[in-house]
file entry_39.cif (mmCIF, C-alpha atoms)
data_protein
loop_
_atom_site.label_atom_id
_atom_site.label_comp_id
_atom_site.auth_asym_id
_atom_site.auth_seq_id
_atom_site.Cartn_x
_atom_site.Cartn_y
_atom_site.Cartn_z
CA MET A 1 22.82 14.25 8.27
CA SER A 2 25.75 11.98 8.50
CA SER A 3 29.31 11.44 9.48
CA SER A 4 31.66 10.91 6.58
CA ILE A 5 35.24 9.84 6.14
CA PRO A 6 37.49 12.93 6.33
CA ARG A 7 39.22 13.79 3.11
CA THR A 8 41.44 16.66 2.05
CA ALA A 9 39.98 19.63 0.28
CA LYS A 10 41.69 18.60 -2.92
CA ARG A 11 39.82 15.30 -3.03
CA VAL A 12 36.68 17.05 -4.09
CA ALA A 13 33.64 14.83 -4.48
CA ILE A 14 31.62 15.07 -7.66
CA ALA A 15 28.72 17.50 -7.38
CA ILE A 16 25.22 16.33 -8.12
CA VAL A 17 23.29 19.56 -8.28
CA ALA A 18 21.07 19.49 -11.37
CA ALA A 19 17.46 18.94 -10.33
CA GLY A 20 16.31 15.41 -11.02
CA THR A 21 19.61 14.22 -12.51
CA VAL A 22 22.25 11.93 -11.09
CA LEU A 23 25.58 13.05 -12.53
CA GLY A 24 29.03 12.26 -11.16
CA ALA A 25 30.53 9.67 -8.90
CA SER A 26 33.65 8.93 -6.92
CA GLY A 27 35.82 5.88 -7.53
CA CYS A 28 34.35 2.39 -7.36
CA THR A 29 35.62 -0.27 -5.01
CA GLY A 30 36.52 -3.69 -6.32
CA ASN A 31 35.34 -6.85 -4.56
CA ASP A 32 36.16 -10.52 -4.93
CA PRO A 33 33.19 -11.91 -6.95
CA GLU A 34 33.12 -15.00 -4.77
CA ASN A 35 32.45 -12.84 -1.71
CA GLN A 36 29.77 -10.65 -3.24
CA SER A 37 26.20 -10.95 -2.05
CA PRO A 38 23.53 -11.81 -4.62
CA ALA A 39 22.41 -8.18 -4.76
CA ALA A 40 25.98 -6.91 -5.17
CA SER A 41 26.64 -9.14 -8.17
CA LYS A 42 23.13 -8.78 -9.59
CA SER A 43 24.06 -5.83 -11.80
CA ALA A 44 27.37 -7.21 -13.11
CA GLY A 45 27.64 -6.53 -16.80
CA ASN A 46 25.02 -3.78 -16.80
CA LYS A 47 25.42 -1.46 -19.72
CA ALA A 48 24.26 2.13 -19.93
CA VAL A 49 22.98 1.72 -23.49
CA SER A 50 20.09 4.18 -23.23
CA ASN A 51 19.12 7.40 -21.59
CA ASN A 52 18.75 6.91 -17.84
CA ASP A 53 15.15 8.11 -17.96
CA ALA A 54 14.09 5.76 -20.75
CA SER A 55 11.28 3.54 -19.50
CA GLY A 56 12.25 0.01 -18.46
CA LYS A 57 10.75 -2.91 -16.62
CA LYS A 58 8.51 -2.02 -13.69
CA VAL A 59 10.32 -2.11 -10.37
CA VAL A 60 9.10 -1.91 -6.78
CA ILE A 61 11.31 0.18 -4.48
CA GLY A 62 10.94 0.29 -0.71
CA PHE A 63 11.91 3.55 1.00
CA SER A 64 12.52 4.04 4.72
CA GLY A 65 13.86 7.10 6.49
CA PRO A 66 13.76 8.88 9.86
CA ALA A 67 10.85 10.95 11.10
CA ALA A 68 10.66 14.33 9.39
CA ASP A 69 11.24 16.35 12.56
CA HIS A 70 13.73 18.69 10.90
CA GLY A 71 13.39 20.83 7.78
CA TRP A 72 16.20 18.96 6.04
CA LEU A 73 14.71 15.53 6.82
CA GLY A 74 11.28 16.66 5.66
CA ALA A 75 12.84 17.68 2.35
CA ILE A 76 14.68 14.36 2.10
CA ASN A 77 11.41 12.41 2.35
CA SER A 78 9.37 14.61 0.03
CA ALA A 79 12.12 14.68 -2.60
CA ALA A 80 12.29 10.88 -2.61
CA LYS A 81 8.55 10.61 -3.23
CA SER A 82 8.67 13.26 -5.96
CA ALA A 83 11.54 11.49 -7.71
CA ALA A 84 9.60 8.21 -7.82
CA LYS A 85 6.49 9.89 -9.26
CA LYS A 86 8.47 10.95 -12.33
CA TYR A 87 8.82 7.34 -13.44
CA PRO A 88 5.80 5.30 -14.56
CA ASP A 89 7.96 2.18 -14.23
CA VAL A 90 8.53 2.73 -10.47
CA GLU A 91 6.19 1.70 -7.67
CA LEU A 92 7.36 3.23 -4.40
CA LYS A 93 6.47 1.65 -1.07
CA VAL A 94 7.09 4.18 1.70
CA ALA A 95 7.50 3.11 5.32
CA GLU A 96 6.38 5.56 7.97
CA GLY A 97 9.26 7.77 9.09
CA THR A 98 10.64 6.81 12.48
CA ASN A 99 13.51 7.54 14.83
CA ASP A 100 13.14 4.10 16.42
CA ALA A 101 15.84 1.78 15.04
CA SER A 102 13.90 -1.34 16.06
CA LEU A 103 10.82 -0.18 14.17
CA GLN A 104 12.88 0.67 11.12
CA ILE A 105 14.46 -2.79 11.19
CA SER A 106 10.98 -4.32 11.14
CA GLN A 107 10.10 -2.11 8.16
CA ILE A 108 13.07 -3.45 6.21
CA GLU A 109 12.08 -7.00 7.20
CA THR A 110 8.68 -6.30 5.65
CA PHE A 111 10.30 -5.07 2.43
CA ILE A 112 12.38 -8.27 2.32
CA ASN A 113 9.29 -10.44 2.83
CA ASP A 114 7.47 -8.46 0.13
CA LYS A 115 10.38 -9.20 -2.25
CA VAL A 116 10.75 -5.61 -3.41
CA ASP A 117 13.24 -5.04 -6.23
CA ALA A 118 15.38 -2.53 -4.30
CA ILE A 119 15.49 -0.69 -0.99
CA VAL A 120 16.49 2.94 -0.38
CA LEU A 121 17.38 3.34 3.27
CA LEU A 122 18.33 6.41 5.27
CA PRO A 123 18.91 4.70 8.61
CA THR A 124 18.12 6.21 11.98
CA ASP A 125 21.45 4.70 13.00
CA GLY A 126 23.81 3.26 10.40
CA ALA A 127 25.35 0.65 12.69
CA ALA A 128 21.99 -0.50 14.05
CA LEU A 129 20.55 -1.07 10.55
CA THR A 130 23.62 -2.79 9.11
CA GLU A 131 22.53 -6.33 9.92
CA VAL A 132 19.08 -6.10 8.36
CA ALA A 133 20.46 -4.28 5.32
CA THR A 134 22.98 -7.10 4.87
CA LYS A 135 20.09 -9.56 5.13
CA ALA A 136 18.33 -7.75 2.28
CA MET A 137 21.49 -7.83 0.17
CA ASN A 138 21.92 -11.54 0.82
CA ALA A 139 18.31 -12.04 -0.29
CA GLY A 140 19.20 -10.50 -3.63
CA ILE A 141 17.63 -7.10 -2.93
CA PRO A 142 20.05 -4.23 -3.64
CA VAL A 143 20.16 -1.62 -0.89
CA ILE A 144 20.97 2.02 -1.53
CA ASN A 145 22.40 3.47 1.69
CA VAL A 146 21.63 7.18 2.05
CA ASP A 147 23.47 9.72 4.24
CA ARG A 148 24.14 7.71 7.41
CA GLU A 149 26.62 5.02 6.52
CA PHE A 150 26.37 1.36 7.46
CA SER A 151 29.21 -0.22 9.42
CA SER A 152 29.85 -2.90 6.77
CA PRO A 153 30.47 -2.51 3.02
CA PHE A 154 28.45 -5.68 2.44
CA ALA A 155 25.25 -3.98 3.64
CA ALA A 156 24.76 -1.81 0.56
CA ARG A 157 25.02 -2.05 -3.22
CA THR A 158 25.60 1.69 -3.43
CA THR A 159 26.13 4.37 -0.80
CA ILE A 160 25.29 8.03 -1.45
CA LEU A 161 26.51 10.57 1.08
CA GLY A 162 26.74 14.25 1.81
CA ASP A 163 30.19 15.58 2.70
CA ASN A 164 30.31 16.83 6.29
CA TYR A 165 34.07 17.28 6.36
CA GLY A 166 33.80 19.00 2.99
CA MET A 167 31.20 21.39 4.40
CA GLY A 168 33.72 22.53 6.99
CA VAL A 169 36.44 22.84 4.37
CA SER A 170 34.16 24.89 2.11
CA ALA A 171 33.11 27.19 4.96
CA GLY A 172 36.69 27.65 6.15
CA THR A 173 38.05 28.24 2.65
CA TYR A 174 35.37 30.84 2.00
CA ALA A 175 36.13 32.49 5.35
CA CYS A 176 39.77 32.72 4.30
CA GLN A 177 38.69 34.42 1.08
CA LEU A 178 36.67 36.94 3.08
CA VAL A 179 39.66 37.69 5.31
CA LYS A 180 41.70 38.48 2.23
CA GLN A 181 38.97 40.43 0.43
CA LYS A 182 38.12 42.54 3.47
CA LYS A 183 41.79 42.92 4.41
CA LEU A 184 41.11 41.82 7.97
CA SER A 185 44.38 41.93 9.92
CA ASN A 186 43.20 40.22 13.10
CA PRO A 187 39.75 38.79 12.40
CA VAL A 188 37.50 37.28 15.07
CA ILE A 189 36.06 34.05 13.69
CA ALA A 190 33.22 32.28 15.49
CA GLU A 191 31.45 28.96 15.03
CA ILE A 192 28.04 27.66 16.08
CA ALA A 193 28.19 23.89 15.73
CA GLY A 194 25.47 21.29 15.87
CA ILE A 195 25.33 18.45 18.41
CA ASP A 196 28.96 17.98 19.47
CA SER A 197 28.62 14.28 20.22
CA LEU A 198 27.72 13.45 16.61
CA PRO A 199 30.50 12.44 14.20
CA LEU A 200 28.96 14.68 11.55
CA THR A 201 29.44 17.75 13.75
CA GLN A 202 32.98 16.69 14.57
CA ASP A 203 33.75 16.28 10.87
CA ARG A 204 32.32 19.70 10.02
CA SER A 205 34.30 21.39 12.77
CA LYS A 206 37.47 19.54 11.79
CA GLY A 207 37.14 20.62 8.17
CA PHE A 208 36.51 24.23 9.20
CA LYS A 209 39.50 24.28 11.53
CA GLU A 210 41.86 22.72 9.01
CA ALA A 211 40.78 25.05 6.19
CA LEU A 212 41.24 28.12 8.41
CA LYS A 213 44.68 26.90 9.40
CA LYS A 214 45.79 27.07 5.78
CA CYS A 215 45.36 30.85 5.80
CA GLY A 216 46.75 31.32 9.30
CA GLN A 217 43.39 31.69 11.02
CA SER A 218 41.57 29.84 13.79
CA VAL A 219 38.22 29.72 15.58
CA ASP A 220 38.19 32.31 18.37
CA ASN A 221 34.74 31.60 19.83
CA ARG A 222 32.69 28.43 19.54
CA VAL A 223 29.38 27.16 20.93
CA ALA A 224 27.30 24.08 20.09
CA ALA A 225 23.53 23.95 19.55
CA ASP A 226 21.36 20.95 18.63
CA PHE A 227 19.95 21.70 15.16
CA THR A 228 16.78 23.39 16.44
CA VAL A 229 15.59 26.98 16.16
CA GLU A 230 15.37 27.28 19.94
CA SER A 231 18.90 26.06 20.55
CA GLY A 232 20.21 28.29 17.77
CA GLU A 233 18.73 31.36 19.42
CA LYS A 234 19.96 30.37 22.90
CA GLN A 235 23.49 29.50 21.87
CA GLY A 236 23.64 32.43 19.48
CA SER A 237 22.82 34.77 22.36
CA ASN A 238 25.48 33.12 24.51
CA LEU A 239 28.05 33.58 21.75
CA LEU A 240 27.21 37.24 21.26
CA GLN A 241 27.60 37.92 24.99
CA ALA A 242 30.99 36.22 25.01
CA ALA A 243 32.26 37.95 21.86
CA PRO A 244 31.62 41.70 21.65
CA LYS A 245 32.99 41.71 18.10
CA ILE A 246 32.77 39.03 15.42
CA ASP A 247 34.03 39.36 11.86
CA ILE A 248 33.00 35.98 10.45
CA LEU A 249 30.43 33.52 11.86
CA TRP A 250 29.81 30.00 10.56
CA ASN A 251 26.64 28.27 11.73
CA HIS A 252 26.52 24.56 10.86
CA ASP A 253 22.81 24.26 10.20
CA ASP A 254 20.28 26.57 8.56
CA ASP A 255 17.35 25.27 10.63
CA GLN A 256 19.08 26.31 13.85
CA GLY A 257 20.22 29.35 11.88
CA VAL A 258 16.68 30.74 12.09
CA GLY A 259 17.25 31.01 15.83
CA VAL A 260 20.76 32.39 15.36
CA MET A 261 19.39 35.14 13.13
CA ALA A 262 16.76 35.95 15.76
CA ALA A 263 19.55 36.34 18.33
CA LEU A 264 21.48 38.60 15.96
CA ASP A 265 18.36 40.73 15.36
CA GLN A 266 17.57 40.97 19.05
CA ALA A 267 21.10 42.08 19.90
CA ASN A 268 21.32 44.31 16.82
CA ARG A 269 24.54 42.54 15.87
CA HIS A 270 25.02 42.34 12.13
CA GLU A 271 28.64 43.39 11.87
CA MET A 272 29.81 39.92 10.84
CA ALA A 273 29.75 37.94 7.61
CA PHE A 274 27.19 35.24 8.50
CA ILE A 275 27.73 31.89 6.77
CA GLY A 276 25.14 29.13 7.12
CA GLY A 277 25.07 25.41 6.49
CA ALA A 278 22.85 22.82 4.72
CA GLY A 279 21.19 25.13 2.18
CA SER A 280 17.69 26.08 3.30
CA ALA A 281 15.44 28.25 1.17
CA ASN A 282 15.16 30.66 4.07
CA ALA A 283 18.94 31.12 4.17
CA MET A 284 19.11 31.56 0.41
CA ARG A 285 16.42 34.24 0.47
CA LEU A 286 18.41 36.06 3.16
CA ILE A 287 21.50 35.80 0.95
CA LYS A 288 19.58 37.38 -1.92
CA GLU A 289 18.47 40.17 0.42
CA GLY A 290 22.03 40.75 1.60
CA LYS A 291 21.27 39.70 5.19
CA MET A 292 23.49 36.60 5.03
CA GLU A 293 26.84 36.19 3.35
CA ALA A 294 26.55 32.58 2.23
CA THR A 295 25.51 29.03 3.09
CA VAL A 296 27.29 25.72 2.46
CA LEU A 297 25.21 23.06 0.78
CA TYR A 298 24.44 19.68 2.35
CA PRO A 299 22.10 18.29 -0.31
CA SER A 300 18.57 17.35 0.69
CA THR A 301 18.34 15.54 -2.65
CA GLN A 302 20.24 12.48 -1.39
CA ALA A 303 17.22 10.18 -1.07
CA ALA A 304 15.84 11.38 -4.42
CA ASP A 305 19.17 10.47 -5.99
CA GLY A 306 18.93 7.18 -4.09
CA ILE A 307 15.57 6.44 -5.73
CA LYS A 308 17.05 7.11 -9.15
CA LEU A 309 20.05 4.90 -8.43
CA ALA A 310 17.83 2.11 -7.07
CA ARG A 311 15.78 2.20 -10.26
CA LEU A 312 18.87 1.94 -12.44
CA VAL A 313 20.31 -0.95 -10.42
CA ALA A 314 17.02 -2.84 -10.34
CA GLN A 315 16.57 -2.38 -14.09
CA GLY A 316 20.12 -3.50 -14.86
CA LYS A 317 21.25 -0.10 -16.10
CA GLY A 318 24.31 1.99 -15.47
CA ILE A 319 24.70 5.78 -15.44
CA SER A 320 24.60 6.74 -19.10
CA ASP A 321 27.05 9.64 -18.78
CA LEU A 322 29.80 7.38 -17.41
CA VAL A 323 32.08 5.02 -19.31
CA GLN A 324 31.80 2.61 -16.36
CA VAL A 325 29.01 0.15 -17.18
CA GLU A 326 27.60 -0.18 -13.66
CA VAL A 327 26.21 2.19 -11.08
CA PRO A 328 29.17 3.13 -8.80
CA ARG A 329 29.51 1.67 -5.32
CA ARG A 330 29.98 5.02 -3.61
CA ILE A 331 28.91 8.57 -4.44
CA VAL A 332 29.78 11.60 -2.34
CA LEU A 333 27.92 14.81 -3.11
CA ASN A 334 29.77 18.09 -3.22
CA ALA A 335 29.49 20.84 -0.58
CA PRO A 336 29.52 24.06 -2.61
CA VAL A 337 29.29 27.55 -1.15
CA VAL A 338 26.10 29.37 -2.14
CA THR A 339 26.53 33.14 -2.42
CA LYS A 340 24.61 36.04 -3.92
CA GLN A 341 26.39 35.33 -7.21
CA ASN A 342 25.10 31.76 -7.62
CA VAL A 343 22.09 31.52 -5.30
CA ASP A 344 19.56 31.36 -8.14
CA GLN A 345 21.20 28.15 -9.33
CA TYR A 346 20.66 26.40 -6.00
CA LEU A 347 17.39 27.91 -4.74
CA PRO A 348 15.18 25.43 -6.65
CA LEU A 349 16.81 22.57 -4.68
CA ALA A 350 16.56 24.28 -1.29
CA PHE A 351 14.42 23.05 1.59
CA GLU A 352 12.16 25.12 3.83
CA SER A 353 13.35 25.61 7.40
#
call {"tool": "encode", "arguments": {"input": "entry_39.cif", "output": "structure tokens"}}
result
Amino acid sequence: MSSSIPRTAKRVAIAIVAAGTVLGASGCTGNDPENQSPAASKSAGNKAVSNNDASGKKVVIGFSGPAADHGWLGAINSAAKSAAKKYPDVELKVAEGTNDASLQISQIETFINDKVDAIVLLPTDGAALTEVATKAMNAGIPVINVDREFSSPFAARTTILGDNYGMGVSAGTYACQLVKQKKLSNPVIAEIAGIDSLPLTQDRSKGFKEALKKCGQSVDNRVAADFTVESGEKQGSNLLQAAPKIDILWNHDDDQGVGVMAALDQANRHEMAFIGGAGSANAMRLIKEGKMEATVLYPSTQAADGIKLARLVAQGKGISDLVQVEVPRRIVLNAPVVTKQNVDQYLPLAFES
């Protein structure tokens, strides 16, 4: 998960939802060539003259991410490995997942010493890993920054992000649609956030609030959990005690949503339209069964897309579907709402809670 720069709902990022395919991209940022690092200028003049999947020179990619202590993070790591296996021209070196920034820095140092062709990095802390990522770039090794953004644009060749603010906007816009469809005159809208101190949670809540405001609604009851099943059940129970009636409930995270659903079952409270977040397989199955209204996607394919982008950059290719001849500097994945109508499209990409 990650914090992202707030943007209005109309500035919709390009969705990358087809399994195993990197599609769209947001605008590229121009840099003075004299100030570019060796890795940043390495791909200048690349041309997408062949299919992206056409075999090229063999490249070695180093991958480092946090410990898989969360369903979404587990999916991030496994998807990255699966993406690399699809290419006979890719050798993937995987560092052991860790939540220790110092250990992750040493892992990147090892990749630099090994002279890998590219690095895909989902940092435990974007700011803490910025310096070593910049070191890799200066050594001529392109870095693909995944999900948690570095504090300097010089630390990455390409950054691929989920859209936390967009998640909130999508959830709030869908809630507004429900208010209209159900003809709710004075709806009670509740929110179960993630860890409130994290920018990503703040962005999600901000997007939700601002989207609701556009249809004259607001959050009536709000609690914060910490992305775990246990905290979801505890805070869900607290919310239900405080609000005897809820019409619409948005829970930020489908892993903690398992606990929220347990609280709803225990209290026999299913009067509300329950919207989830992140896009777990468990949530999608509940949507198909009619036990959840929807979930808002936060793609667990980001590192897999990062592997694909790293391969293209290291091989001197661009994205063949774009007129632009180089891989873009920044890609923000869309945050679509998954409902009973489109759940089959997204279920193959879902992660297990």
call {"tool": "closest_atom_pairs", "arguments": {"input": "entry_39.cif", "of": "region 131-196 of chain A", "to": "region 288-303 of chain A", "cutoff": "12 Å", "atoms": "only C-alpha atoms", "output": "tab-separated table"}}
result
residue	atom	partner	partner_atom	distance
A:Ile144	CA	A:Ala303	CA	9.0
A:Asn145	CA	A:Ala303	CA	8.9
A:Val146	CA	A:Ala303	CA	6.2
A:Asp147	CA	A:Gln302	CA	7.1
A:Arg148	CA	A:Gln302	CA	10.7
A:Thr159	CA	A:Gln302	CA	10.0
A:Ile160	CA	A:Gln302	CA	6.7
A:Leu161	CA	A:Gln302	CA	7.0
A:Gly162	CA	A:Tyr298	CA	5.9
A:Asp163	CA	A:Tyr298	CA	7.1
A:Asn164	CA	A:Tyr298	CA	7.6
A:Tyr165	CA	A:Tyr298	CA	10.7
A:Gly166	CA	A:Val296	CA	9.4
A:Met167	CA	A:Val296	CA	6.1
A:Gly168	CA	A:Val296	CA	8.5
A:Val169	CA	A:Val296	CA	9.8
A:Ser170	CA	A:Val296	CA	6.9
A:Ala171	CA	A:Val296	CA	6.5
A:Gly172	CA	A:Val296	CA	10.3
A:Thr173	CA	A:Val296	CA	11.1
A:Tyr174	CA	A:Ala294	CA	9.0
A:Ala175	CA	A:Ala294	CA	10.1
A:Leu178	CA	A:Glu293	CA	9.9
call {"tool": "resolve_selection", "arguments": {"input": "entry_39.cif", "expression": "the PyMOL selection byres ((chain A and resi 62-65) around 9)", "output": "PDB file with C-alpha atoms, in the coordinates of the input"}}
result
ATOM      1  CA  VAL A  60       9.100  -1.910  -6.780  1.00  0.00           C
ATOM      2  CA  ILE A  61      11.310   0.180  -4.480  1.00  0.00           C
ATOM      3  CA  PRO A  66      13.760   8.880   9.860  1.00  0.00           C
ATOM      4  CA  ALA A  67      10.850  10.950  11.100  1.00  0.00           C
ATOM      5  CA  ALA A  68      10.660  14.330   9.390  1.00  0.00           C
ATOM      6  CA  LEU A  73      14.710  15.530   6.820  1.00  0.00           C
ATOM      7  CA  ILE A  76      14.680  14.360   2.100  1.00  0.00           C
ATOM      8  CA  ASN A  77      11.410  12.410   2.350  1.00  0.00           C
ATOM      9  CA  ALA A  80      12.290  10.880  -2.610  1.00  0.00           C
ATOM     10  CA  LYS A  81       8.550  10.610  -3.230  1.00  0.00           C
ATOM     11  CA  GLU A  91       6.190   1.700  -7.670  1.00  0.00           C
ATOM     12  CA  LEU A  92       7.360   3.230  -4.400  1.00  0.00           C
ATOM     13  CA  LYS A  93       6.470   1.650  -1.070  1.00  0.00           C
ATOM     14  CA  VAL A  94       7.090   4.180   1.700  1.00  0.00           C
ATOM     15  CA  ALA A  95       7.500   3.110   5.320  1.00  0.00           C
ATOM     16  CA  GLU A  96       6.380   5.560   7.970  1.00  0.00           C
ATOM     17  CA  GLY A  97       9.260   7.770   9.090  1.00  0.00           C
ATOM     18  CA  THR A  98      10.640   6.810  12.480  1.00  0.00           C
ATOM     19  CA  ASN A  99      13.510   7.540  14.830  1.00  0.00           C
ATOM     20  CA  GLN A 104      12.880   0.670  11.120  1.00  0.00           C
ATOM     21  CA  GLN A 107      10.100  -2.110   8.160  1.00  0.00           C
ATOM     22  CA  ILE A 108      13.070  -3.450   6.210  1.00  0.00           C
ATOM     23  CA  PHE A 111      10.300  -5.070   2.430  1.00  0.00           C
ATOM     24  CA  VAL A 116      10.750  -5.610  -3.410  1.00  0.00           C
ATOM     25  CA  ASP A 117      13.240  -5.040  -6.230  1.00  0.00           C
ATOM     26  CA  ALA A 118      15.380  -2.530  -4.300  1.00  0.00           C
ATOM     27  CA  ILE A 119      15.490  -0.690  -0.990  1.00  0.00           C
ATOM     28  CA  VAL A 120      16.490   2.940  -0.380  1.00  0.00           C
ATOM     29  CA  LEU A 121      17.380   3.340   3.270  1.00  0.00           C
ATOM     30  CA  LEU A 122      18.330   6.410   5.270  1.00  0.00           C
ATOM     31  CA  PRO A 123      18.910   4.700   8.610  1.00  0.00           C
ATOM     32  CA  THR A 124      18.120   6.210  11.980  1.00  0.00           C
ATOM     33  CA  VAL A 146      21.630   7.180   2.050  1.00  0.00           C
ATOM     34  CA  ALA A 303      17.220  10.180  -1.070  1.00  0.00           C
ATOM     35  CA  ILE A 307      15.570   6.440  -5.730  1.00  0.00           C
TER      36      ILE A 307
END
call {"tool": "residues_around", "arguments": {"input": "entry_39.cif", "residues": "region 193-206 of chain A", "least_positions_apart": "6", "cutoff": "12 Å", "atoms": "only C-alpha atoms", "output": "PyMOL selection string"}}
result
chain A and resi 1-9+125-126+147-149+161-172+212-213+218-219+221-229+231-232+235-236+239+249-257+260+276-278+296+298+335
call {"tool": "atom_distance", "arguments": {"input": "entry_39.cif", "atom1": "CA of Ala350 (chain A)", "atom2": "CA of Ala283 (chain A)"}}
result
9.1 Å
call {"tool": "atom_distance", "arguments": {"input": "entry_39.cif", "atom1": "CA of Val332 (chain A)", "atom2": "CA of Asp89 (chain A)"}}
result
26.6 Å
call {"tool": "atom_distance", "arguments": {"input": "entry_39.cif", "atom1": "CA of Ala139 (chain A)", "atom2": "CA of Ile112 (chain A)"}}
result
7.5 Å
call {"tool": "resolve_selection", "arguments": {"input": "entry_39.cif", "expression": "the PyMOL selection byres ((chain A and resi 55) around 10)", "output": "list in words"}}
result
Ser50, Asn51, Asn52, Asp53, Ala54, Gly56, Lys57, Lys58, Tyr87, Pro88, Asp89, Val90 and Gln315 of chain A
call {"tool": "closest_residue", "arguments": {"input": "entry_39.cif", "among": "A:Cys215, A:Tyr346, A:Leu322, A:Ile141", "to": "Leu184 (chain A)", "atoms": "all atoms listed in the file"}}
result
A:Cys215
call {"tool": "closest_residue", "arguments": {"input": "entry_39.cif", "among": "A:Glu109, A:Asp114, A:Glu230, A:Asp305", "to": "Ala262 (chain A)", "atoms": "all atoms listed in the file"}}
result
A:Glu230
call {"tool": "closest_residue", "arguments": {"input": "entry_39.cif", "among": "A:Met261, A:Ser237, A:Arg329, A:Asn342", "to": "Ala155 (chain A)", "atoms": "only C-alpha atoms"}}
result
A:Arg329
call {"tool": "closest_residue", "arguments": {"input": "entry_39.cif", "among": "A:Gly74, A:Val188, A:Arg157, A:Ala133", "to": "Ala314 (chain A)", "atoms": "all atoms listed in the file"}}
result
A:Arg157
call {"tool": "closest_residue", "arguments": {"input": "entry_39.cif", "among": "A:Ala273, A:Val325, A:Ile189, A:Ala39", "to": "Ala136 (chain A)", "atoms": "all atoms listed in the file"}}
result
A:Ala39
call {"tool": "closest_residue", "arguments": {"input": "entry_39.cif", "among": "A:Leu286, A:Asp69, A:Pro187, A:Pro142", "to": "Ala310 (chain A)", "atoms": "only C-alpha atoms"}}
result
A:Pro142
call {"tool": "build_atoms", "arguments": {"input": "entry_39.cif", "residues": "region 173-185 of chain A", "atoms": "N, CA, C and O atoms", "output": "CSV table (one decimal), in the frame of the given file"}}
result
chain,number,residue,atom,x,y,z
A,173,THR,N,37.4,27.7,3.8
A,173,THR,CA,38.0,28.2,2.6
A,173,THR,C,37.4,29.5,2.3
A,173,THR,O,38.1,30.5,1.9
A,174,TYR,N,36.1,29.6,2.3
A,174,TYR,CA,35.4,30.8,2.0
A,174,TYR,C,35.7,31.9,3.0
A,174,TYR,O,35.8,33.1,2.7
A,175,ALA,N,35.8,31.5,4.3
A,175,ALA,CA,36.1,32.5,5.4
A,175,ALA,C,37.5,33.1,5.1
A,175,ALA,O,37.7,34.3,5.3
A,176,CYS,N,38.4,32.2,4.6
A,176,CYS,CA,39.8,32.7,4.3
A,176,CYS,C,39.7,33.7,3.2
A,176,CYS,O,40.4,34.7,3.2
A,177,GLN,N,38.8,33.5,2.2
A,177,GLN,CA,38.7,34.4,1.1
A,177,GLN,C,38.2,35.8,1.6
A,177,GLN,O,38.6,36.8,1.1
A,178,LEU,N,37.2,35.7,2.5
A,178,LEU,CA,36.7,36.9,3.1
A,178,LEU,C,37.7,37.7,3.8
A,178,LEU,O,37.8,39.0,3.8
A,179,VAL,N,38.6,37.0,4.6
A,179,VAL,CA,39.7,37.7,5.3
A,179,VAL,C,40.5,38.5,4.3
A,179,VAL,O,40.9,39.6,4.6
A,180,LYS,N,40.8,37.8,3.2
A,180,LYS,CA,41.7,38.5,2.2
A,180,LYS,C,41.0,39.6,1.5
A,180,LYS,O,41.5,40.7,1.4
A,181,GLN,N,39.7,39.4,1.1
A,181,GLN,CA,39.0,40.4,0.4
A,181,GLN,C,38.7,41.7,1.3
A,181,GLN,O,38.8,42.8,0.8
A,182,LYS,N,38.4,41.4,2.6
A,182,LYS,CA,38.1,42.5,3.5
A,182,LYS,C,39.4,43.1,4.1
A,182,LYS,O,39.3,44.1,4.9
A,183,LYS,N,40.5,42.5,3.8
A,183,LYS,CA,41.8,42.9,4.4
A,183,LYS,C,41.7,43.0,5.9
A,183,LYS,O,42.1,44.0,6.6
A,184,LEU,N,41.2,41.9,6.5
A,184,LEU,CA,41.1,41.8,8.0
A,184,LEU,C,42.5,41.4,8.6
A,184,LEU,O,42.9,40.3,8.3
A,185,SER,N,43.0,42.2,9.4
A,185,SER,CA,44.4,41.9,9.9
A,185,SER,C,44.3,41.0,11.1
A,185,SER,O,45.2,40.2,11.3
